[in-house]
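All remarks here apply to the structure that follows.
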Amino acid sequence: MSEKATREIVMSGMRATGALHIGHYFGALKNWIQLQDQHECFFGVMDWHALTTHFKNPEGIAQSNRVMMAEYIAAGVDPDKCVLFIQSQVPEHLELYFIFSTLTPMGWLERVPTWKDAEEEMRVSDTHNLGRFSYPVLQAADISVYAGTRVPVGPDQVSHLELSREIVRRWNHLFKGHWPEPKPLLMRPQVVPGLDGRKMSKTYGNSILLFEESKDLQKKIRGMPTDPARIKREDPGEPSKCTVYSYHQLFSSAEDLSWVESGCRTAGIGCGDCKGRLIENIEKVILPLREKKKEFLNNPTRLDSIVKEGCRKARERASRNLSEIKKQMKWPLT
Ligand code: TRP
Ligand code: SF4
């Protein structure tokens with residue numbers, strides 16, 4: 001691995017829930033791609049976390065593991081610059097998770113806002129289970145098993161990370177250790193609205209996949225609502241009231257942006273023109289990624305060997321760290 005600027009260890013991951021959408025890309029992956037040049041990084045596909053909500057379909061998660069690995073790499077996460085792993089292939093995560101779970105008071109978990117807010121939804125969807133309750137403890141183990149010092153997070157993950165810090169702090173206190181408390185790496189969050197203007201989410205069915213096929217992309221963009229003021233072609237509109245414009249801001253050049261702004265406000269362009277240009281611009285970004293992903297999926301042995309090598313590297317580090325942790329606790333090593 002090349003020399004990195006600092007001694008920070010960055011750790012992050014995504015739940016293995018299937019194909020990535022552009023919210024994942026602009027919200028996280030783009031940051032990872034930057035971070036891999038600056039720090040030592042561990043990035044994972046978190047399949048145990050996915051199992052807490054999708055426990056009835058483990059087979060589907062196993063498929064997601066492969067797809068997401070191929071997509072991470074095709075999008076630019078470079079296995080030569082960072083360690084890419086699948087969570088369940090590094091069993092040390094679970095061992096540290098259990099150690100952490102014993103020193104985490106129930107009250108800490110009950111206070112986590114994501115748990116409190118979602119309790120009703122969990123009962124309805126039959127996911128009110130122990131694994132999901134202890135989700136943040138597993139997340140703490142994910143980070144600390146690599147002695148992670150920095151975690152790129154969006155605002156919705158800050159409370160989980162705070163809990164990770166508290167757990168490590170308690171471990172340090174109990175065992176007179178000096179394990180690093182992971183700090184958030186607050187990245188400029190690029191929030192991507194869904195096709196309908198709500199938050200982009202798989203559960204809402206309002207997402208554009210990062211590797212969307214052309215004809216699906218066309219269909220999705222063409223069907224998007226626009227500024228309701230533009231009833232007829234001659235009616236001017238306001239781009240800031242239109243999700244199509246939000247996407248232009250992610251995918252289009254400054255020149256195209258001013259074309260949209262003035263064209264929309266003067267009714268110089270129609271919404272069809274505006275969407276057509278957006279589709280072209282998204283295609284330009286997605287096309288090379290799509291090709292790269294196909295190459296991977298057509299060459300499963302290559303993907304397999306990259307994944308295997310990543311998991312091996314992750315495991316090497318994780319088992320070394322776990323031994324150190326257990327030694328400090330005077331817990332039997334063998
Ligand atoms: N909870 C994260 C998500 O919902 C995934 C995740 C699991 C994670 N373990 C982590 C993120 C550790 C950062 C660090 O996407
Ligand atoms: Fe939206 Fe573009 Fe239509 Fe304006 S011209 S309302 S930005 S789609």
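Residue numbers start at 1 in each chain; chains themselves are named A, B, ... in the order of the structure tokens; ligands are numbered from 1 in the order shown.
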Practice task
Give the residues close to ligand 1, within 6 Å, counting only C-alpha atoms and all ligand atoms; write them as a ChimeraX atom specification.
Solution key: /A:11-15,46,139,142-143
Deliver the residues from the most recent selection as a file, using N, CA and C atoms, as a PDB file, in the first residue's frame.
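So the final result, stored in out-v2.pdb, reads:
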```
ATOM      1  N   MET A  11     -12.903   3.843   8.297  1.00  0.00           N
ATOM      2  CA  MET A  11     -13.709   2.647   8.100  1.00  0.00           C
ATOM      3  C   MET A  11     -15.132   3.058   7.736  1.00  0.00           C
ATOM      4  N   SER A  12     -15.683   2.383   6.757  1.00  0.00           N
ATOM      5  CA  SER A  12     -17.088   2.611   6.450  1.00  0.00           C
ATOM      6  C   SER A  12     -17.667   1.418   5.696  1.00  0.00           C
ATOM      7  N   GLY A  13     -18.979   1.415   5.581  1.00  0.00           N
ATOM      8  CA  GLY A  13     -19.612   0.310   4.878  1.00  0.00           C
ATOM      9  C   GLY A  13     -21.051   0.642   4.559  1.00  0.00           C
ATOM     10  N   MET A  14     -21.645  -0.230   3.755  1.00  0.00           N
ATOM     11  CA  MET A  14     -23.066  -0.086   3.444  1.00  0.00           C
ATOM     12  C   MET A  14     -23.750  -1.428   3.625  1.00  0.00           C
ATOM     13  N   ARG A  15     -24.982  -1.379   4.045  1.00  0.00           N
ATOM     14  CA  ARG A  15     -25.759  -2.601   4.176  1.00  0.00           C
ATOM     15  C   ARG A  15     -25.909  -3.277   2.813  1.00  0.00           C
ATOM     16  N   MET A  46     -21.828  -4.743   4.231  1.00  0.00           N
ATOM     17  CA  MET A  46     -22.226  -5.202   5.563  1.00  0.00           C
ATOM     18  C   MET A  46     -23.431  -6.135   5.463  1.00  0.00           C
ATOM     19  N   GLN A 139     -22.028  -2.237  14.717  1.00  0.00           N
ATOM     20  CA  GLN A 139     -21.370  -1.161  13.976  1.00  0.00           C
ATOM     21  C   GLN A 139     -20.119  -0.672  14.725  1.00  0.00           C
ATOM     22  N   ASP A 142     -17.496  -3.163  14.035  1.00  0.00           N
ATOM     23  CA  ASP A 142     -16.983  -3.022  12.654  1.00  0.00           C
ATOM     24  C   ASP A 142     -15.837  -2.029  12.596  1.00  0.00           C
ATOM     25  N   ILE A 143     -16.034  -0.944  13.312  1.00  0.00           N
ATOM     26  CA  ILE A 143     -15.040   0.137  13.256  1.00  0.00           C
ATOM     27  C   ILE A 143     -13.814  -0.237  14.089  1.00  0.00           C
TER      28      ILE A 143
END
```
Exercise for the section: Please write out the residues within 9 Å of ligand 2 as number ranges by chain, counting only C-alpha atoms and all ligand atoms. Expected result: A: 224-230, 236-246, 248, 260-261, 263-265, 267-275, 278
Convert the current residue selection to file output with N, CA, C and O atoms, as a CSV table (one decimal), in the first residue's frame.
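Saved the output as again31.csv:
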```
chain,number,residue,atom,x,y,z
A,224,MET,N,-40.8,12.0,-14.5
A,224,MET,CA,-40.7,12.9,-13.3
A,224,MET,C,-41.6,14.1,-13.3
A,224,MET,O,-41.8,14.7,-14.4
A,225,PRO,N,-42.2,14.4,-12.1
A,225,PRO,CA,-42.9,15.6,-12.1
A,225,PRO,C,-42.0,16.8,-12.2
A,225,PRO,O,-40.8,16.7,-11.8
A,226,THR,N,-42.5,17.9,-12.7
A,226,THR,CA,-41.7,19.2,-12.9
A,226,THR,C,-42.4,20.3,-12.1
A,226,THR,O,-43.4,20.0,-11.4
A,227,ASP,N,-41.9,21.5,-12.3
A,227,ASP,CA,-42.6,22.6,-11.6
A,227,ASP,C,-44.0,22.7,-12.1
A,227,ASP,O,-44.3,22.9,-13.2
A,228,PRO,N,-45.0,22.6,-11.1
A,228,PRO,CA,-46.4,22.5,-11.5
A,228,PRO,C,-46.9,23.8,-12.2
A,228,PRO,O,-47.9,23.8,-12.9
A,229,ALA,N,-46.1,24.9,-12.1
A,229,ALA,CA,-46.5,26.2,-12.7
A,229,ALA,C,-46.4,26.0,-14.3
A,229,ALA,O,-47.0,26.8,-15.0
A,230,ARG,N,-45.6,25.1,-14.7
A,230,ARG,CA,-45.4,24.9,-16.2
A,230,ARG,C,-46.5,24.0,-16.8
A,230,ARG,O,-46.2,22.9,-17.1
A,236,PRO,N,-43.7,30.0,-17.9
A,236,PRO,CA,-42.4,29.9,-17.3
A,236,PRO,C,-42.4,29.1,-16.0
A,236,PRO,O,-43.4,29.0,-15.4
A,237,GLY,N,-41.2,28.7,-15.6
A,237,GLY,CA,-41.1,27.9,-14.4
A,237,GLY,C,-40.0,28.3,-13.5
A,237,GLY,O,-39.2,29.3,-13.9
A,238,GLU,N,-39.8,27.7,-12.4
A,238,GLU,CA,-38.7,28.0,-11.5
A,238,GLU,C,-37.9,26.7,-11.2
A,238,GLU,O,-38.4,25.8,-10.5
A,239,PRO,N,-36.7,26.7,-11.7
A,239,PRO,CA,-35.9,25.4,-11.5
A,239,PRO,C,-35.7,25.0,-10.1
A,239,PRO,O,-35.7,23.8,-9.8
A,240,SER,N,-35.7,25.9,-9.1
A,240,SER,CA,-35.5,25.5,-7.7
A,240,SER,C,-36.7,24.7,-7.2
A,240,SER,O,-36.6,24.1,-6.1
A,241,LYS,N,-37.8,24.7,-7.9
A,241,LYS,CA,-39.0,24.0,-7.5
A,241,LYS,C,-39.0,22.7,-8.2
A,241,LYS,O,-40.1,22.0,-8.2
A,242,CYS,N,-38.0,22.2,-8.9
A,242,CYS,CA,-38.1,21.1,-9.7
A,242,CYS,C,-36.9,20.1,-9.5
A,242,CYS,O,-35.8,20.5,-9.5
A,243,THR,N,-37.3,18.8,-9.3
A,243,THR,CA,-36.3,17.8,-9.0
A,243,THR,C,-35.4,17.6,-10.2
A,243,THR,O,-34.2,17.2,-10.1
A,244,VAL,N,-35.9,17.8,-11.4
A,244,VAL,CA,-35.1,17.6,-12.6
A,244,VAL,C,-33.9,18.5,-12.5
A,244,VAL,O,-32.8,18.1,-12.8
A,245,TYR,N,-34.1,19.7,-12.0
A,245,TYR,CA,-33.0,20.7,-11.9
A,245,TYR,C,-32.0,20.2,-10.9
A,245,TYR,O,-30.8,20.3,-11.0
A,246,SER,N,-32.5,19.6,-9.8
A,246,SER,CA,-31.6,19.1,-8.7
A,246,SER,C,-30.6,18.1,-9.4
A,246,SER,O,-29.5,18.0,-9.0
A,248,HIS,N,-29.8,18.0,-12.6
A,248,HIS,CA,-28.9,18.7,-13.4
A,248,HIS,C,-27.7,19.2,-12.6
A,248,HIS,O,-26.5,19.2,-13.0
A,260,VAL,N,-30.5,25.7,-18.5
A,260,VAL,CA,-31.7,25.3,-17.9
A,260,VAL,C,-32.4,26.4,-17.1
A,260,VAL,O,-33.6,26.7,-17.3
A,261,GLU,N,-31.6,27.1,-16.3
A,261,GLU,CA,-32.1,28.2,-15.5
A,261,GLU,C,-32.8,29.3,-16.4
A,261,GLU,O,-34.0,29.6,-16.1
A,263,GLY,N,-33.6,29.1,-19.6
A,263,GLY,CA,-34.7,28.5,-20.5
A,263,GLY,C,-35.9,28.2,-19.7
A,263,GLY,O,-37.0,28.4,-20.2
A,264,CYS,N,-35.8,27.8,-18.5
A,264,CYS,CA,-37.0,27.4,-17.7
A,264,CYS,C,-37.7,28.7,-17.3
A,264,CYS,O,-39.0,28.8,-17.5
A,265,ARG,N,-37.0,29.7,-16.8
A,265,ARG,CA,-37.6,31.0,-16.3
A,265,ARG,C,-38.3,31.8,-17.4
A,265,ARG,O,-39.2,32.5,-17.2
A,267,ALA,N,-39.4,30.3,-20.3
A,267,ALA,CA,-40.1,29.3,-21.2
A,267,ALA,C,-39.4,29.2,-22.5
A,267,ALA,O,-40.1,28.8,-23.5
A,268,GLY,N,-38.1,29.5,-22.6
A,268,GLY,CA,-37.4,29.3,-23.8
A,268,GLY,C,-37.2,27.8,-24.1
A,268,GLY,O,-37.0,27.4,-25.3
A,269,ILE,N,-37.2,27.0,-23.1
A,269,ILE,CA,-37.1,25.5,-23.4
A,269,ILE,C,-38.3,24.8,-22.8
A,269,ILE,O,-39.0,25.4,-21.9
A,270,GLY,N,-38.7,23.7,-23.3
A,270,GLY,CA,-39.7,22.9,-22.7
A,270,GLY,C,-39.2,21.9,-21.7
A,270,GLY,O,-38.0,21.6,-21.7
A,271,CYS,N,-40.0,21.3,-20.8
A,271,CYS,CA,-39.5,20.3,-19.9
A,271,CYS,C,-39.0,19.1,-20.6
A,271,CYS,O,-38.1,18.5,-20.1
A,272,GLY,N,-39.5,18.8,-21.7
A,272,GLY,CA,-39.0,17.7,-22.5
A,272,GLY,C,-37.6,17.9,-22.9
A,272,GLY,O,-36.7,17.0,-22.9
A,273,ASP,N,-37.3,19.1,-23.4
A,273,ASP,CA,-35.9,19.4,-23.8
A,273,ASP,C,-35.0,19.3,-22.6
A,273,ASP,O,-33.8,18.8,-22.7
A,274,CYS,N,-35.5,19.8,-21.5
A,274,CYS,CA,-34.7,19.9,-20.3
A,274,CYS,C,-34.3,18.4,-19.8
A,274,CYS,O,-33.2,18.1,-19.4
A,275,LYS,N,-35.4,17.6,-19.8
A,275,LYS,CA,-35.1,16.2,-19.4
A,275,LYS,C,-34.2,15.5,-20.4
A,275,LYS,O,-33.4,14.6,-20.0
A,278,LEU,N,-30.8,16.2,-19.6
A,278,LEU,CA,-30.4,15.6,-18.4
A,278,LEU,C,-30.0,14.1,-18.6
A,278,LEU,O,-29.0,13.6,-18.2
```
Handout entry: Within 10 Å of Gly154 in chain A using only C-alpha atoms, minus same-chain residues under 4 positions, as a list in words
Key =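 The neighbour list is Gly27, Ala28, Val158, Pro184, Leu185, Leu186, Met187, Arg188, Pro189, Gln190 and Val191 of chain A.
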Take the residues from that selection and write them out as an mmCIF file, in the first residue's frame, keeping N, CA and C atoms.
```cif
data_model
loop_
_atom_site.group_PDB
_atom_site.id
_atom_site.type_symbol
_atom_site.label_atom_id
_atom_site.label_comp_id
_atom_site.auth_asym_id
_atom_site.auth_seq_id
_atom_site.Cartn_x
_atom_site.Cartn_y
_atom_site.Cartn_z
ATOM 1 N N GLY A 27 -23.818 10.402 -1.895
ATOM 2 C CA GLY A 27 -23.814 10.510 -0.442
ATOM 3 C C GLY A 27 -22.604 9.859 0.207
ATOM 4 N N ALA A 28 -22.026 8.842 -0.423
ATOM 5 C CA ALA A 28 -20.942 8.119 0.250
ATOM 6 C C ALA A 28 -19.788 7.739 -0.682
ATOM 7 N N VAL A 158 -24.878 10.008 12.970
ATOM 8 C CA VAL A 158 -24.082 10.602 14.043
ATOM 9 C C VAL A 158 -24.387 9.952 15.400
ATOM 10 N N PRO A 184 -16.219 11.196 13.869
ATOM 11 C CA PRO A 184 -16.896 11.346 12.579
ATOM 12 C C PRO A 184 -16.032 12.146 11.611
ATOM 13 N N LEU A 185 -16.144 11.823 10.371
ATOM 14 C CA LEU A 185 -15.500 12.598 9.324
ATOM 15 C C LEU A 185 -16.673 13.187 8.571
ATOM 16 N N LEU A 186 -17.029 14.405 8.972
ATOM 17 C CA LEU A 186 -18.244 14.970 8.381
ATOM 18 C C LEU A 186 -17.941 15.402 6.962
ATOM 19 N N MET A 187 -18.529 14.697 6.031
ATOM 20 C CA MET A 187 -18.277 14.972 4.629
ATOM 21 C C MET A 187 -19.361 15.936 4.156
ATOM 22 N N ARG A 188 -19.013 16.684 3.148
ATOM 23 C CA ARG A 188 -20.024 17.565 2.541
ATOM 24 C C ARG A 188 -21.134 16.658 2.014
ATOM 25 N N PRO A 189 -22.263 16.626 2.732
ATOM 26 C CA PRO A 189 -23.268 15.675 2.288
ATOM 27 C C PRO A 189 -23.987 16.188 1.049
ATOM 28 N N GLN A 190 -24.018 15.384 0.012
ATOM 29 C CA GLN A 190 -24.762 15.750 -1.180
ATOM 30 C C GLN A 190 -26.052 14.943 -1.144
ATOM 31 N N VAL A 191 -27.083 15.586 -0.659
ATOM 32 C CA VAL A 191 -28.342 14.872 -0.513
ATOM 33 C C VAL A 191 -29.031 14.789 -1.871
#
```
Exercise for the section: Considering only C-alpha atoms, state which residue in the set A:Leu195, A:Ala16, A:Met329, A:Leu138 is at the smallest distance from Phe98 in chain A. Expected result: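 Nearest candidate to Phe98 in chain A out of A:Leu195, A:Ala16, A:Met329, A:Leu138: A:Leu138.
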Practice task
Determine which residues of range 38-270 of chain A DSSP labels as strand (DSSP E) from the backbone of this structure, then write them out as a list in words.
Solution key: Glu40, Cys41, Phe42, Phe43, Gly44, Val45, Met46, Val83, Leu84, Phe85, Ile86, Arg150, Val151, Pro152, Val153, Lys183, Pro184, Leu185 and Leu186 of chain A
